[in-house]
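Trainee: Below is one structure. I have some questions about it.
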Amino acid sequence: MNDFSKKWMSYLEGRKKLTEFTIPGTHDSGTYLLDFSGLSRCQDKSIEDQLNQGVRFLDIRLKPGIDNDNALYIAHGLVESGFSFAGDVMPIIQRFLNSNPSETIIMCIKDDSIMYKNHNHKKYFYNAVWSTIQEYHFYTNGQIPSLDKVRGKVVLFRRFWAPGDLSFPVGVNLYGDDDNIWPKDRMNGFENDGINFYVQDRYDDWKGREDIENKFKEAVKPTLEKASSSLPNTLFINFTSGTSGNIFYEDPKEIAEIVNPLFFEYLYNKQKTRFGIIPMDFPESPLINRLYSCNPFNFISMESIVPGNVYEIRPRLDLNKCLDVKGNIQADGTQVIIHTSNNQLNQRWKLADAGDGYFYLHTLIQTATNSVLDVAGNIQANGTNVIIQRQNNGNNQKWKITKLENGYFILEPKSAPNSLLDLFEANTEDGSPVKIFEKSKNDWAEQWALLPVK
């Protein structure tokens, strides 16, 4: 259970369509391999690492190699790599899905050839892609599926030519008749093959900090707000990426270093919502985690919270971390912190009935006989430490567990009924202390996932 980012889709409602979720993605996903960096490299993590960190939309740009070997290779405009679609990219994808069958990957494939886009080239590109995807678990229907229908599969989004006389669809069509529907360097809604799309892809000519901040304020943010408040059946694709278009100004990484923190801050305390697909440049794990945490998860029902059950308790702010007895120490007064999940007993909590709908949370550290989660000193003040202490039946050891509409839980000590278990200062670093604070509306630092341990 220590790899939440690899399996986060397993907690989503499978009957919902992909349009109803917030899905982290990467722009120019394969460019970490490009020898020439600067304007061409948009990622610094491998595709495998991107998937392991929670990315589920891949922007794959391809072009034929210079050796006429009938293969397609990762490219970005004029710059190409030796990393092939069939021999390198797809085996990585399949290994990930074999290990994580609850997940789906949306793959947008674009013909990034700049020269020779005649009919023969288009036909060659189509045949090369189509022959490869026949060997893997692709969903190539032209409509937006439910999640359950495509778990363990790759959903094809097509930005390349396909023959018009085919009797079968070739993925979700974002190409149109002749690459004429994608809003190049702008934001626009459109309809194709019965699907409503809204794409924000204002990528070019962002120069200087103030101008780059406007990439977020004038393009990314309005699209986020549009996606979260209206058009529930529309597929939103909202690129946070950008370029100055000039080697003398900011490159994609420098732009991401300005845009990504703005985006990260914007997402804090957002409630369950749908933002759509968000392709990003150089996203770090905390941003990816914060994005997929916007989804309404189905962790467990209130009916399943009963004495005797064992749980990992994870902060919404980083679902790869757990409520943890510091240092695996059994002594009374040991601080409770968060720490990266490691499958150890000091991160597991067993419920016991405390009466009146409250529970004791017993640590499973074998040497900490009968020790429970405790508000230190029975103090009600903001910032009071949460510790383990031998059970004494005090109200500061009794916790009410309440499920929120978004699927997360809050934990309220009986001794301080207006306070909640809180990740202090929203700090997600390993070792960050857990305290109690007066409850506030919709604060992510007060929201926790309860994951059953069998």
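Just so we're on the same page: first chain in the structure tokens is A, next is B, and so on; residues restart at 1 for each chain, and ligands are numbered from 1 in the order they show up.
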With a distance cut-off of 9 Å and only C-alpha atoms, select the neighbouring residues of segment 190-193 of chain A, excluding the residue or stretch itself and same-chain residues fewer than 6 positions from it, and output the selection as a list in words.
Mentor: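 Within the cut-off, the hits are Gly142, Gln143, Val172, Asn173, Leu174, Gly176, Ile181, Trp182, Pro183 and Val199 of chain A.
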Trainee: For the residues in that selection, give me C-alpha atoms as a compact mmCIF listing (two decimals), in the first residue's frame.
Mentor:
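Saved to part_35.txt:
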```
# COMPACT_ATOMS: atom_id res chain seq x y z
CA GLY A 142 -14.11 7.20 -31.00
CA GLN A 143 -16.24 8.03 -27.93
CA VAL A 172 -10.86 10.00 -30.12
CA ASN A 173 -10.42 12.30 -33.10
CA LEU A 174 -8.63 15.56 -32.30
CA GLY A 176 -10.39 16.64 -37.80
CA ILE A 181 -9.79 21.64 -35.40
CA TRP A 182 -7.03 21.92 -32.78
CA PRO A 183 -6.87 25.50 -31.42
CA VAL A 199 -8.70 23.05 -25.34
```
Trainee: Might you pull out every residue within 8 Å of Ile23 of chain A, with only C-alpha atoms counted and same-chain residues fewer than 6 positions away left off, and present them as a ChimeraX atom specification?
Mentor: /A:55-57,275-278,291-292
Trainee: Mind checking which residues fall within 8 Å of Arg202 of chain A, counting only C-alpha atoms, ignoring those fewer than 6 positions away in the same chain, and posting them as a list in words?
Mentor: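 Final neighbour list, sorted by chain and number: Lys184, Asp185, Arg186, Met187, Lys215, Ala219, Phe239 and Gly242 of chain A.
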Trainee: DSSP says helix (DSSP H, G or I) for which residues of segment 191-342 of chain A? Put them as number ranges by chain?
Mentor: A: 209-229, 252-267, 285-292, 302-304, 326-328
Trainee: Can those selected residues be exported to a file as a compact mmCIF listing (two decimals), in the first residue's frame so that it contains N, CA and C atoms?
Mentor:
```txt
# COMPACT_ATOMS: atom_id res chain seq x y z
N ARG A 209 8.95 37.43 -16.29
CA ARG A 209 8.13 36.88 -15.21
C ARG A 209 6.68 37.34 -15.27
N GLU A 210 6.44 38.62 -15.42
CA GLU A 210 5.07 39.11 -15.40
C GLU A 210 4.25 38.51 -16.53
N ASP A 211 4.84 38.44 -17.72
CA ASP A 211 4.14 37.86 -18.87
C ASP A 211 3.87 36.37 -18.64
N ILE A 212 4.86 35.67 -18.08
CA ILE A 212 4.70 34.24 -17.84
C ILE A 212 3.65 33.99 -16.77
N GLU A 213 3.60 34.82 -15.74
CA GLU A 213 2.54 34.69 -14.75
C GLU A 213 1.16 34.84 -15.40
N ASN A 214 1.10 35.65 -16.43
CA ASN A 214 -0.17 35.82 -17.14
C ASN A 214 -0.56 34.57 -17.92
N LYS A 215 0.40 33.71 -18.24
CA LYS A 215 0.07 32.41 -18.84
C LYS A 215 -0.89 31.68 -17.91
N PHE A 216 -0.58 31.71 -16.61
CA PHE A 216 -1.47 31.05 -15.65
C PHE A 216 -2.75 31.87 -15.45
N LYS A 217 -2.60 33.17 -15.22
CA LYS A 217 -3.75 33.99 -14.85
C LYS A 217 -4.76 34.15 -15.98
N GLU A 218 -4.27 34.24 -17.23
CA GLU A 218 -5.16 34.56 -18.35
C GLU A 218 -5.54 33.36 -19.20
N ALA A 219 -4.83 32.24 -19.02
CA ALA A 219 -5.12 31.07 -19.84
C ALA A 219 -5.47 29.85 -18.99
N VAL A 220 -4.54 29.45 -18.11
CA VAL A 220 -4.75 28.24 -17.32
C VAL A 220 -5.90 28.41 -16.33
N LYS A 221 -5.84 29.46 -15.52
CA LYS A 221 -6.83 29.64 -14.45
C LYS A 221 -8.26 29.79 -14.97
N PRO A 222 -8.52 30.62 -15.99
CA PRO A 222 -9.90 30.71 -16.49
C PRO A 222 -10.43 29.37 -17.00
N THR A 223 -9.54 28.55 -17.58
CA THR A 223 -9.98 27.25 -18.08
C THR A 223 -10.27 26.30 -16.92
N LEU A 224 -9.47 26.37 -15.86
CA LEU A 224 -9.75 25.58 -14.66
C LEU A 224 -11.13 25.93 -14.10
N GLU A 225 -11.42 27.21 -14.04
CA GLU A 225 -12.68 27.65 -13.45
C GLU A 225 -13.86 27.28 -14.35
N LYS A 226 -13.63 27.33 -15.64
CA LYS A 226 -14.68 26.92 -16.58
C LYS A 226 -14.98 25.43 -16.43
N ALA A 227 -13.91 24.64 -16.32
CA ALA A 227 -14.08 23.18 -16.20
C ALA A 227 -14.76 22.79 -14.90
N SER A 228 -14.48 23.52 -13.83
CA SER A 228 -15.00 23.13 -12.52
C SER A 228 -16.43 23.58 -12.29
N SER A 229 -16.92 24.50 -13.12
CA SER A 229 -18.22 25.09 -12.83
C SER A 229 -19.28 24.87 -13.90
N PRO A 252 11.32 26.24 -21.62
CA PRO A 252 10.16 25.63 -20.96
C PRO A 252 10.35 25.35 -19.48
N LYS A 253 11.55 24.99 -19.07
CA LYS A 253 11.77 24.71 -17.64
C LYS A 253 11.66 25.99 -16.82
N GLU A 254 12.23 27.07 -17.32
CA GLU A 254 12.16 28.33 -16.59
C GLU A 254 10.73 28.84 -16.52
N ILE A 255 9.96 28.60 -17.56
CA ILE A 255 8.54 28.97 -17.53
C ILE A 255 7.79 28.12 -16.51
N ALA A 256 8.08 26.82 -16.50
CA ALA A 256 7.43 25.92 -15.53
C ALA A 256 7.76 26.31 -14.10
N GLU A 257 8.97 26.81 -13.88
CA GLU A 257 9.37 27.20 -12.52
C GLU A 257 8.58 28.41 -12.02
N ILE A 258 7.94 29.13 -12.92
CA ILE A 258 7.07 30.24 -12.53
C ILE A 258 5.61 29.80 -12.48
N VAL A 259 5.17 29.05 -13.49
CA VAL A 259 3.76 28.66 -13.59
C VAL A 259 3.39 27.59 -12.57
N ASN A 260 4.23 26.57 -12.41
CA ASN A 260 3.85 25.45 -11.55
C ASN A 260 3.59 25.85 -10.09
N PRO A 261 4.42 26.71 -9.48
CA PRO A 261 4.09 27.13 -8.11
C PRO A 261 2.77 27.89 -8.01
N LEU A 262 2.45 28.70 -9.02
CA LEU A 262 1.16 29.39 -9.01
C LEU A 262 0.01 28.39 -9.06
N PHE A 263 0.18 27.38 -9.89
CA PHE A 263 -0.83 26.33 -10.01
C PHE A 263 -0.97 25.55 -8.71
N PHE A 264 0.17 25.20 -8.12
CA PHE A 264 0.19 24.44 -6.86
C PHE A 264 -0.57 25.20 -5.78
N GLU A 265 -0.31 26.48 -5.67
CA GLU A 265 -0.97 27.30 -4.65
C GLU A 265 -2.47 27.43 -4.94
N TYR A 266 -2.81 27.57 -6.20
CA TYR A 266 -4.22 27.71 -6.59
C TYR A 266 -5.04 26.49 -6.15
N LEU A 267 -4.46 25.31 -6.23
CA LEU A 267 -5.20 24.07 -5.96
C LEU A 267 -5.47 23.85 -4.48
N SER A 285 6.33 15.83 -7.99
CA SER A 285 5.39 14.91 -7.36
C SER A 285 4.33 15.63 -6.51
N PRO A 286 4.66 16.65 -5.70
CA PRO A 286 3.61 17.31 -4.91
C PRO A 286 2.51 17.93 -5.76
N LEU A 287 2.86 18.50 -6.91
CA LEU A 287 1.84 19.09 -7.78
C LEU A 287 0.96 18.00 -8.39
N ILE A 288 1.56 16.90 -8.82
CA ILE A 288 0.78 15.80 -9.38
C ILE A 288 -0.17 15.25 -8.32
N ASN A 289 0.35 15.05 -7.11
CA ASN A 289 -0.47 14.55 -6.00
C ASN A 289 -1.63 15.50 -5.71
N ARG A 290 -1.35 16.78 -5.69
CA ARG A 290 -2.41 17.75 -5.38
C ARG A 290 -3.48 17.74 -6.45
N LEU A 291 -3.08 17.50 -7.70
CA LEU A 291 -4.06 17.46 -8.79
C LEU A 291 -4.98 16.26 -8.66
N TYR A 292 -4.41 15.05 -8.56
CA TYR A 292 -5.31 13.90 -8.52
C TYR A 292 -6.10 13.86 -7.21
N MET A 302 -18.82 4.77 5.57
CA MET A 302 -18.92 4.92 7.02
C MET A 302 -19.35 3.62 7.68
N GLU A 303 -20.15 2.82 6.96
CA GLU A 303 -20.64 1.57 7.53
C GLU A 303 -19.52 0.58 7.79
N SER A 304 -18.41 0.72 7.05
CA SER A 304 -17.30 -0.22 7.21
C SER A 304 -16.33 0.20 8.31
N LYS A 326 6.45 8.37 15.58
CA LYS A 326 7.82 8.77 15.26
C LYS A 326 8.85 7.77 15.78
N GLY A 327 9.70 7.36 14.86
CA GLY A 327 10.82 6.49 15.23
C GLY A 327 10.42 5.10 15.66
N ASN A 328 9.13 4.76 15.47
CA ASN A 328 8.65 3.43 15.89
C ASN A 328 8.88 3.21 17.39
```
Trainee: Skip Leu323 of chain A itself and residues of its chain fewer than 3 positions away, then list as JSON, numbers by chain all residues within 12 Å of it, counting only C-alpha atoms.
Mentor: {"A": [311, 312, 313, 314, 315, 316, 318, 319, 320, 326, 328, 335, 336, 337, 338, 339, 340, 341, 342, 343, 344, 345, 346, 347, 348, 349, 361, 363, 373, 386, 387, 388, 421, 422, 423, 428, 430, 431, 432, 433, 434, 435, 448, 449, 450, 451]}
Trainee: Take atom CA of Gly30 of chain A and atom CA of Ile47 of chain A and report the distance between them in Å, one decimal.
Mentor: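 Between atom CA of Gly30 of chain A and atom CA of Ile47 of chain A the gap works out to 6.6 Å.
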Trainee: Using DSSP on the backbone coordinates, identify the residues of segment 213-421 of chain A assigned to strand (DSSP E); present them as a ChimeraX atom specification.
Mentor: /A:235-238,276-280,310-315,321-325,336-340,349-355,358-363,371-375,384-390,399-403,409-413,419-421
Trainee: Rank nothing, just name the residue among A:Phe297, A:Tyr124, A:Tyr11, A:Phe282 nearest to Asp44 of chain A, using only C-alpha atoms.
Mentor: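 Closest candidate: A:Phe282.
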Trainee: Pick out the residues sitting within 10 Å of Phe168 of chain A, and hand them over as number ranges by chain; count only C-alpha atoms, and ignore anything fewer than 4 positions along from it in its own chain.
Mentor: A: 140-142, 164
Trainee: Report as an MDAnalysis selection string all protein, DNA and RNA residues lying within 10 Å of Lys270 of chain A, evaluated on only C-alpha atoms, omitting residues in the same chain fewer than 5 positions from it.
Mentor: chainID A and resid 290:291 293:294 442:444
Trainee: May I ask for the distance between atom CA of Val375 of chain A and atom CA of Gly355 of chain A, given in Å to one decimal place?
Mentor: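 Interatomic distance, atom CA of Val375 of chain A to atom CA of Gly355 of chain A: 17.8 Å.
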Trainee: Identify which of the residues A:Asn382, A:Gly377, A:Ser301, A:Leu351 lies closest to Lys400 of chain A, counting only C-alpha atoms when measuring atom-to-atom distances.
Mentor: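 Of A:Asn382, A:Gly377, A:Ser301, A:Leu351, the one nearest Lys400 of chain A, counting only C-alpha atoms, is A:Leu351.
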